[in-house]
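What follows is a single structure, written as C-alpha cells, with notes after it.
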Amino acid sequence: MTLRRDMGNKQLLLLHSIASSRTGFLGLCLVSAMALMAVFAPWIAPYDPTQIDMLNRLQPPSLSHWMGTDLTGRDVFSRLIWGARPSLQVGILAVLIGLPGGFAVGLLAGFYRGTILEAILMRIVEIIAAVPLLIVAIAVVGVLGVKPMPLGPFMITNEVKIIVVLGFLYIPGLARVVFAVAASEATSDYIRARRIQGVGDFTLMVSDILPNCLSVVIVWGTLLTAGGVLAEAGLSFVGLGVQPPDASWGVMLSDARKFIFSGEWWLLLFPGLAISLTVIGLNLLGDALRDILDPRQYTGPRLD
Amino acid sequence: MDNRLLEVSNLRVAFPVGNAMAEAVRGVSFGIDTGDAVGVLGESGSGKSVTALAILKLIPSTGRITEGSVRFAGRDLLSMSEANIRKLRGRDLSMVFQDPLTAFNPALRIGRQLLNVIRAHTSSSIQNARARALEVLDLVGLPDPARVMRAYPHELSGGMRQRALIGIALACNPKLLIADEPTTALDVTIQAQIVELFHKLRTELGLTLLYITHNLDLMAELCDRAIVMYAGNIVEEGSVTDLFQSPRHPYTRMLIDCVPRLEDARNRELTVIKGMPPPINATNRGCLFSPRCPSVIDRCRVDDPQEDFEGERRFACWNPRL
C-alpha cells in the first residue's frame with residue numbers, strides 16, 4: 001500500500017521493473033553504457049580522437065591501443081568513445097524535436113476524428129510517411145551542403161540539420177501512434193463523463209488524453225532513437241553526416257571499408273559492434289518499457 | 001411556479017435506425033422544483049438516460065433533439081450556445097454515472113481529475129481548488145481525502161469510486177444533480193451506503209435531485225416524487241406514496257409486483273412482465289404498452305392514451321386501475 005505512493009519511489013519502481021526482466025536489464029545496461037561513454041568521453045578516452053600518429057598506423061589491438069589504430073595512427077578506442085556523442089545526440093534530440101509535432105497532430109486528429117480537420121491532418125501525415133527517411137535526409141543535406149550555415153547569431157552545423165530533418169520526418173510516425181490512442185480514448189466513457197462535468201476540449205486533450213498516450217509514445221520514442229542512431233551512422237558513412245576528422249561510428253566504418261579483406265579486422269569490428277549494441281540495447285529497452293508502462297495492467301495492491 | 005428549477009416540455013429525441021429516424025423519447029414533459037428529489041423509473045431502453053442527457057444537451061452524436069424545450073433556472077438550454085451550456089454543465093447541472101470505473105480516466109490520479117473539473121468552472125487558485133477538493137471528498141464520506149486525491153481510480157474500491165464521482169459532481173455546488181443509476185454497478189451494502197449519502201446531501205445541502213433507477217426500493221427511500229417511463233413516454237407521475245399504494249397505470253402496478261418480497265411464499269413464482277418493450281422504431285397506433293398489458297381494452301390499440309390528472313398525479317391510460 002505504501003509502494004507507489006511517493007513521486008521519488010515511482011521512478012525507482014520503474015527502473016526496478018525494467019531491471020527485473022532479463023532482456024530489459026540487458027537493454028538498460030547497454031544504453032546506460034553508451035550514454036556514459038558519450039557524456040564522459042573527454043575523461044574516458046585515453047587519446048585525442050583526432051591525434052594523427054603516422055609511425056603507429058594500422059596497429060592491431062595491444063595494451064597501449066586496446067582496439068588498435070587506424071590508417072593515420074589514431075586510437076580506435078578513443079574514436080569509438082567520442083563517436084557515441086553524435087550517435088546519441090542525433091538519436092535523442094531528433095525524437096525530442098519530433099514529439100511536440102507528433103503530439104499536436106495526433107491529438108487533434110484523434111480527438112476530432114471524422115471531421116475535415118482529421119482528414120486533412122492525416123492525409124498530410126500519410127504523404128510525409130510515404131517518403132523514405134534516409135532519402136529525404138540525404139537530399140536535404142545534399143542541397144544545403146555539409147558546411148555549417150550561419151543563421152542569425154547561430155551556426156547551424158551539419159549535425160543540427162540532420163537532427164531537424166529527422167525530427168520533422170518522425171512526426172508522421174509519432175502522430176499515428178498518438179492518433180490511434182487518442183481516437184479510441186476520445187470515445188471512451190470517461191471523456192463523455194468529463195464533458196458532462198463541463199471540461200473543455202483543450203483540457204480534455206492535454207490533461208486527459210495526452211497522459212494515456214505517454215506509454216506508447218515512450219516506447220515508440222525509444223525505438224525511434226535507435227532509428228536515429230542508424231540514420232546518423234548511415235549519413236556519416238556516405239559522407240553527409242559528421243565530417244572527418246571528427247569521430248563518428250559511421251565515419252569510422254567508412255574509413256575502414258578499404259580494409260575489409262586485408263586483415264585489419266579491428267577497424268570494422270568495433271564501430272560495427274558499437275552501432276549494433278546501441279540499437280539492440282534501445283530496442284530491448286523499448287520492449288521492456290512496453291510491457292511495463294500500462295497502468296491498466298498493473299496488478300499490485302489496491303487502496304481499499 | 002417560482003421555485004421551478006427545471007421544466008422539460010414535450011421533449012422528443014430521435015436516433016437513426018436504418019434509414020429512418022426512430023424516437024427514443026416521445027414527447028416527455030415534467031418539472032422539478034428546487035429542493036425536490038424526483039425518481040425516474042423504467043426498464044432498460046425506456047428513454048430514462050437519453051432524457052437525462054438531453055437535459056444536458058449531450059445526447060450521442062447520431063441523435064437529435066427534434067422537438068420540445070428544456071428550461072433550467074429560467075433559461076432555455078436547448079437554444080443556448082455550446083460555450084454557454086458548457087459553463088453550466090458540471091457547475092449548475094451535474095451528473096453521476098452508473099459505472100464509476102469507466103467515468104474516471106485510468107491514467108490520472110483522482111485529485112487531478114477532480115481539480116480539472118473545479119478549475120474548469122472557477123478561476124480559483126490551485127491552493128483554493130485543492131482545499132475545495134479535499135472538502136468535497138470529506139463531504140461524501142471518504143476517509144483520508146488526501147490519500148484518495150493521490151490514488152489512481154483502480155486503487156479505490158467501487159463504493160469509494162462512486163463517492164469520489166459524487167464528490168466531483170458536487171464540487172461546484174450544483175443546483176441540480178442528475179444521478180443515472182448510481183448504484184446499479186455496486187453491491188447491496190454499498191448501494192445502501194450511497195443512498196444514505198444522497199439522503200445526507202439532501203438534508204444538509206438542500207440538493208435538488210433527479211434520480212434515474214430501476215430499483216424501486218432505493219427510489220422509494222430517497223425520492224418524494226416519481227416518474228414512470230415506458231418506451232419513451234411518461235406513463236405515470238405522482239408522489240412515491242401514491243404510486244406505491246395505488247398505482248393507476250397497469251405498468252406501474254406490474255413493476256411493483258415484480259419486486260420479490262421476503263414474506264412471499266417461497267414456492268411462489270416470480271412475477272414477470274410478459275413480452276418485451278417495443279423496439280425503438282415501433283410506430284403502432286395506440287398505447288405502446290397495450291401488447292403486454294393485462295387490462296387492455298379495445299380503445300388502447302387504436303387511440304394514443306391521453307393524460308389524466310388526479311390532484312398531484314397524472315397517468316396516461318385508457319383503463320386505469322381506480
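By order of appearance in the C-alpha cells: chains A, B, ..., then residues from 1 within every chain, and ligands from 1 in the order shown.
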
Who sits within 8 Å of stretch 151-160 of chain A, only C-alpha atoms, same chain under 3 positions skipped, as a list in words: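 Selected residues are Pro86, Val90, Val141, Val146, Lys147, Pro148, Ile163, Val164, Gly241 and Val242 of chain A.
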
Within 6 Å of chain A: residues of chain B, using only C-alpha atoms, as number ranges by chain: B: 86, 89-90, 102-105, 107, 120, 155-157

Writer output for current selection, N, CA and C atoms, as a CSV table (one decimal), in the first residue's frame:
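Printed below is result27.csv as written:
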chain,number,residue,atom,x,y,z
B,86,ARG,N,-21.7,24.7,-21.8
B,86,ARG,CA,-20.6,24.1,-21.1
B,86,ARG,C,-20.3,24.6,-19.7
B,89,ARG,N,-22.7,22.9,-17.4
B,89,ARG,CA,-22.5,21.5,-17.1
B,89,ARG,C,-21.4,21.4,-16.1
B,90,GLY,N,-21.7,20.6,-15.1
B,90,GLY,CA,-20.7,20.3,-14.0
B,90,GLY,C,-20.7,21.4,-13.0
B,102,THR,N,-15.6,3.4,-15.3
B,102,THR,CA,-15.3,4.0,-16.6
B,102,THR,C,-15.5,5.5,-16.7
B,103,ALA,N,-16.1,6.0,-15.6
B,103,ALA,CA,-16.2,7.5,-15.6
B,103,ALA,C,-14.9,8.2,-15.2
B,104,PHE,N,-13.9,7.4,-14.8
B,104,PHE,CA,-12.6,8.0,-14.4
B,104,PHE,C,-11.6,7.7,-15.5
B,105,ASN,N,-10.7,8.6,-15.7
B,105,ASN,CA,-9.6,8.4,-16.6
B,105,ASN,C,-8.6,7.5,-15.9
B,107,ALA,N,-5.6,6.7,-16.3
B,107,ALA,CA,-4.2,7.1,-16.2
B,107,ALA,C,-3.9,8.3,-15.3
B,120,ALA,N,-12.2,24.1,-14.2
B,120,ALA,CA,-12.9,24.4,-15.5
B,120,ALA,C,-14.0,25.4,-15.2
B,155,GLU,N,-7.2,1.9,-7.8
B,155,GLU,CA,-6.7,1.6,-6.5
B,155,GLU,C,-7.8,1.8,-5.4
B,156,LEU,N,-9.0,2.3,-5.9
B,156,LEU,CA,-10.1,2.5,-5.0
B,156,LEU,C,-11.1,1.4,-5.2
B,157,SER,N,-11.9,1.1,-4.2
B,157,SER,CA,-13.0,0.1,-4.3
B,157,SER,C,-14.2,0.8,-5.0

Those of stretch 137-231 of chain B in DSSP strand (DSSP E), formatted as a list in words: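 The residues of stretch 137-231 of chain B classed as strand (DSSP E) are Leu176, Leu177, Ile178, Ala179, Asp180, Thr208, Leu209, Leu210, Tyr211, Ile212, Thr213, Arg225, Ala226, Ile227, Val228, Met229 and Tyr230 of chain B.
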
Contact residues around stretch 21-35 of chain A with only C-alpha atoms at 7 Å, ignoring same-chain residues under 5 positions, as an MDAnalysis selection string: chainID A and resid 84 277:278 281:282 284:285 288

May I have the residues from that selection written out with C-alpha atoms, as a PDB file, in the first residue's frame?
ATOM      1  CA  ALA A  84      28.968   7.779 -29.149  1.00  0.00           C
ATOM      2  CA  LEU A 277      24.805  -2.969 -29.461  1.00  0.00           C
ATOM      3  CA  THR A 278      23.344   0.526 -29.146  1.00  0.00           C
ATOM      4  CA  GLY A 281      20.009  -2.059 -26.386  1.00  0.00           C
ATOM      5  CA  LEU A 282      17.463   0.613 -27.331  1.00  0.00           C
ATOM      6  CA  LEU A 284      15.319  -4.243 -25.788  1.00  0.00           C
ATOM      7  CA  LEU A 285      14.672  -1.231 -23.558  1.00  0.00           C
ATOM      8  CA  ALA A 288      10.653  -3.826 -21.724  1.00  0.00           C
TER       9      ALA A 288
END

Shell around A:Val39 at 12 Å using only C-alpha atoms, local window under 2 positions removed, as a PyMOL selection string: chain A and resi 32-37+41-45+81-89

Selection: 12 Å around A:Ala180, only C-alpha atoms, excl. self and same-chain fewer than 4 positions, as a PyMOL selection string: chain A and resi 102-103+105-111+113+122+173-176+184-187+209-210+212-213+216-217

Fewer than 5 positions away in the same chain doesn't count, so skip those; otherwise give me all residues within 9 Å of B:Arg130, counting only C-alpha atoms, as a tab-separated table (two decimals) with N, CA and C atoms, in the first residue's frame.
chain	number	residue	atom	x	y	z
B	111	GLY	N	-7.22	13.09	-7.72
B	111	GLY	CA	-7.09	14.51	-7.40
B	111	GLY	C	-7.02	15.37	-8.64
B	114	LEU	N	-10.40	15.62	-10.33
B	114	LEU	CA	-11.28	16.48	-9.53
B	114	LEU	C	-10.90	17.95	-9.73
B	115	LEU	N	-9.59	18.22	-9.68
B	115	LEU	CA	-9.13	19.61	-9.83
B	115	LEU	C	-9.45	20.15	-11.22
B	118	ILE	N	-12.99	21.34	-11.13
B	118	ILE	CA	-13.14	22.56	-10.33
B	118	ILE	C	-12.56	23.75	-11.07
B	125	SER	N	-7.44	29.80	-7.30
B	125	SER	CA	-6.04	29.39	-7.34
B	125	SER	C	-5.94	27.89	-7.09
B	135	GLU	N	-12.34	19.22	0.68
B	135	GLU	CA	-13.60	19.46	1.37
B	135	GLU	C	-14.72	18.56	0.82

Given only C-alpha atoms as the counted atoms, nearest of B:Leu5, B:Leu41, B:Ala169, B:Val17 to B:Arg71: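 Answer, going by the shortest atom-to-atom distance: B:Leu5.
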
Who sits within 6 Å of stretch 143-150 of chain B, only C-alpha atoms, same chain under 6 positions skipped, as a PyMOL selection string: chain B and resi 109-111+134+137

Written file, previous selection with N, CA and C atoms, as a short mmCIF file (atom, residue, chain, number, x, y, z; two decimals), in the first residue's frame:
data_model
loop_
_atom_site.label_atom_id
_atom_site.label_comp_id
_atom_site.auth_asym_id
_atom_site.auth_seq_id
_atom_site.Cartn_x
_atom_site.Cartn_y
_atom_site.Cartn_z
N ARG B 109 -4.51 10.48 -11.52
CA ARG B 109 -4.91 10.39 -10.12
C ARG B 109 -6.27 11.07 -9.94
N ILE B 110 -7.03 10.59 -8.93
CA ILE B 110 -8.35 11.16 -8.64
C ILE B 110 -8.25 12.67 -8.46
N GLY B 111 -7.22 13.09 -7.72
CA GLY B 111 -7.09 14.51 -7.40
C GLY B 111 -7.02 15.37 -8.64
N LEU B 134 -10.49 18.68 -1.26
CA LEU B 134 -10.42 17.92 -0.01
C LEU B 134 -11.74 18.02 0.74
N LEU B 137 -14.42 15.76 -0.91
CA LEU B 137 -14.16 14.34 -0.67
C LEU B 137 -14.52 13.97 0.76
#

Between atom CA of B:Thr203 and atom CA of B:Asp36 - distance in Å to one decimal: 11.0 Å

Alpha helix (DSSP H) per DSSP on the backbone: members of stretch 13-141 of chain A, as a ChimeraX atom specification: /A:13-20,22-39,41-44,76-111,116-129,133-141

Just C-alpha atoms for this one: save the residues we selected as an mmCIF file, in the first residue's frame.
data_model
loop_
_atom_site.group_PDB
_atom_site.id
_atom_site.type_symbol
_atom_site.label_atom_id
_atom_site.label_comp_id
_atom_site.auth_asym_id
_atom_site.auth_seq_id
_atom_site.Cartn_x
_atom_site.Cartn_y
_atom_site.Cartn_z
ATOM 1 C CA LEU A 13 9.991 1.392 -9.222
ATOM 2 C CA LEU A 14 10.095 1.849 -12.996
ATOM 3 C CA LEU A 15 13.839 1.179 -13.042
ATOM 4 C CA HIS A 16 13.294 -1.806 -10.805
ATOM 5 C CA SER A 17 10.617 -3.190 -13.130
ATOM 6 C CA ILE A 18 12.866 -2.773 -16.167
ATOM 7 C CA ALA A 19 15.774 -4.416 -14.412
ATOM 8 C CA SER A 20 13.694 -7.356 -13.243
ATOM 9 C CA ARG A 22 16.258 -10.164 -18.227
ATOM 10 C CA THR A 23 16.091 -8.523 -21.643
ATOM 11 C CA GLY A 24 15.106 -5.193 -20.139
ATOM 12 C CA PHE A 25 18.105 -5.341 -17.831
ATOM 13 C CA LEU A 26 20.413 -6.065 -20.761
ATOM 14 C CA GLY A 27 18.931 -3.171 -22.739
ATOM 15 C CA LEU A 28 19.251 -0.822 -19.791
ATOM 16 C CA CYS A 29 22.918 -1.820 -19.297
ATOM 17 C CA LEU A 30 23.797 -1.351 -22.968
ATOM 18 C CA VAL A 31 22.052 2.013 -23.246
ATOM 19 C CA SER A 32 23.495 3.300 -19.968
ATOM 20 C CA ALA A 33 26.989 2.211 -21.025
ATOM 21 C CA MET A 34 26.680 4.098 -24.317
ATOM 22 C CA ALA A 35 25.216 7.141 -22.562
ATOM 23 C CA LEU A 36 28.057 7.182 -20.004
ATOM 24 C CA MET A 37 30.574 6.881 -22.808
ATOM 25 C CA ALA A 38 29.042 9.828 -24.628
ATOM 26 C CA VAL A 39 28.799 12.048 -21.541
ATOM 27 C CA ALA A 41 34.126 10.914 -23.382
ATOM 28 C CA PRO A 42 36.853 13.508 -22.594
ATOM 29 C CA TRP A 43 37.698 11.746 -19.319
ATOM 30 C CA ILE A 44 37.444 8.145 -20.504
ATOM 31 C CA VAL A 76 40.309 3.402 -32.430
ATOM 32 C CA PHE A 77 39.133 3.062 -28.795
ATOM 33 C CA SER A 78 39.184 6.837 -28.271
ATOM 34 C CA ARG A 79 37.400 7.455 -31.556
ATOM 35 C CA LEU A 80 34.792 4.867 -30.599
ATOM 36 C CA ILE A 81 34.095 6.630 -27.299
ATOM 37 C CA TRP A 82 33.853 10.055 -28.910
ATOM 38 C CA GLY A 83 31.718 8.561 -31.672
ATOM 39 C CA ALA A 84 28.968 7.779 -29.149
ATOM 40 C CA ARG A 85 28.283 11.513 -28.901
ATOM 41 C CA PRO A 86 26.932 12.302 -32.377
ATOM 42 C CA SER A 87 25.046 8.996 -32.433
ATOM 43 C CA LEU A 88 23.114 9.570 -29.243
ATOM 44 C CA GLN A 89 22.739 13.313 -29.842
ATOM 45 C CA VAL A 90 21.103 12.744 -33.190
ATOM 46 C CA GLY A 91 19.069 9.796 -31.904
ATOM 47 C CA ILE A 92 17.659 11.533 -28.840
ATOM 48 C CA LEU A 93 17.337 15.143 -29.999
ATOM 49 C CA ALA A 94 15.580 14.169 -33.228
ATOM 50 C CA VAL A 95 12.908 12.364 -31.205
ATOM 51 C CA LEU A 96 12.560 15.331 -28.863
ATOM 52 C CA ILE A 97 12.044 17.616 -31.868
ATOM 53 C CA GLY A 98 9.506 15.252 -33.387
ATOM 54 C CA LEU A 99 7.496 14.792 -30.172
ATOM 55 C CA PRO A 100 5.615 18.118 -29.943
ATOM 56 C CA GLY A 101 4.580 17.916 -33.598
ATOM 57 C CA GLY A 102 3.559 14.289 -33.292
ATOM 58 C CA PHE A 103 1.512 15.012 -30.189
ATOM 59 C CA ALA A 104 -0.175 18.072 -31.655
ATOM 60 C CA VAL A 105 -1.160 16.384 -34.915
ATOM 61 C CA GLY A 106 -2.106 13.054 -33.329
ATOM 62 C CA LEU A 107 -4.177 14.562 -30.513
ATOM 63 C CA LEU A 108 -6.081 16.959 -32.776
ATOM 64 C CA ALA A 109 -6.774 14.337 -35.436
ATOM 65 C CA GLY A 110 -7.739 11.699 -32.880
ATOM 66 C CA PHE A 111 -9.928 13.990 -30.819
ATOM 67 C CA ILE A 116 -12.440 17.661 -42.032
ATOM 68 C CA LEU A 117 -9.549 18.572 -39.709
ATOM 69 C CA GLU A 118 -8.734 14.913 -39.152
ATOM 70 C CA ALA A 119 -8.935 14.195 -42.872
ATOM 71 C CA ILE A 120 -6.511 16.993 -43.753
ATOM 72 C CA LEU A 121 -4.006 16.269 -40.970
ATOM 73 C CA MET A 122 -3.880 12.522 -41.510
ATOM 74 C CA ARG A 123 -3.566 12.816 -45.305
ATOM 75 C CA ILE A 124 -0.559 15.144 -44.865
ATOM 76 C CA VAL A 125 0.887 12.670 -42.368
ATOM 77 C CA GLU A 126 0.488 9.833 -44.851
ATOM 78 C CA ILE A 127 2.176 11.803 -47.618
ATOM 79 C CA ILE A 128 5.200 12.550 -45.435
ATOM 80 C CA ALA A 129 5.320 8.995 -44.123
ATOM 81 C CA LEU A 133 13.584 8.814 -44.185
ATOM 82 C CA LEU A 134 17.183 8.391 -45.274
ATOM 83 C CA ILE A 135 16.493 9.544 -48.834
ATOM 84 C CA VAL A 136 14.989 12.836 -47.644
ATOM 85 C CA ALA A 137 17.861 13.377 -45.194
ATOM 86 C CA ILE A 138 20.411 12.770 -47.968
ATOM 87 C CA ALA A 139 18.527 15.099 -50.293
ATOM 88 C CA VAL A 140 18.309 17.906 -47.741
ATOM 89 C CA VAL A 141 21.973 17.690 -46.735
#
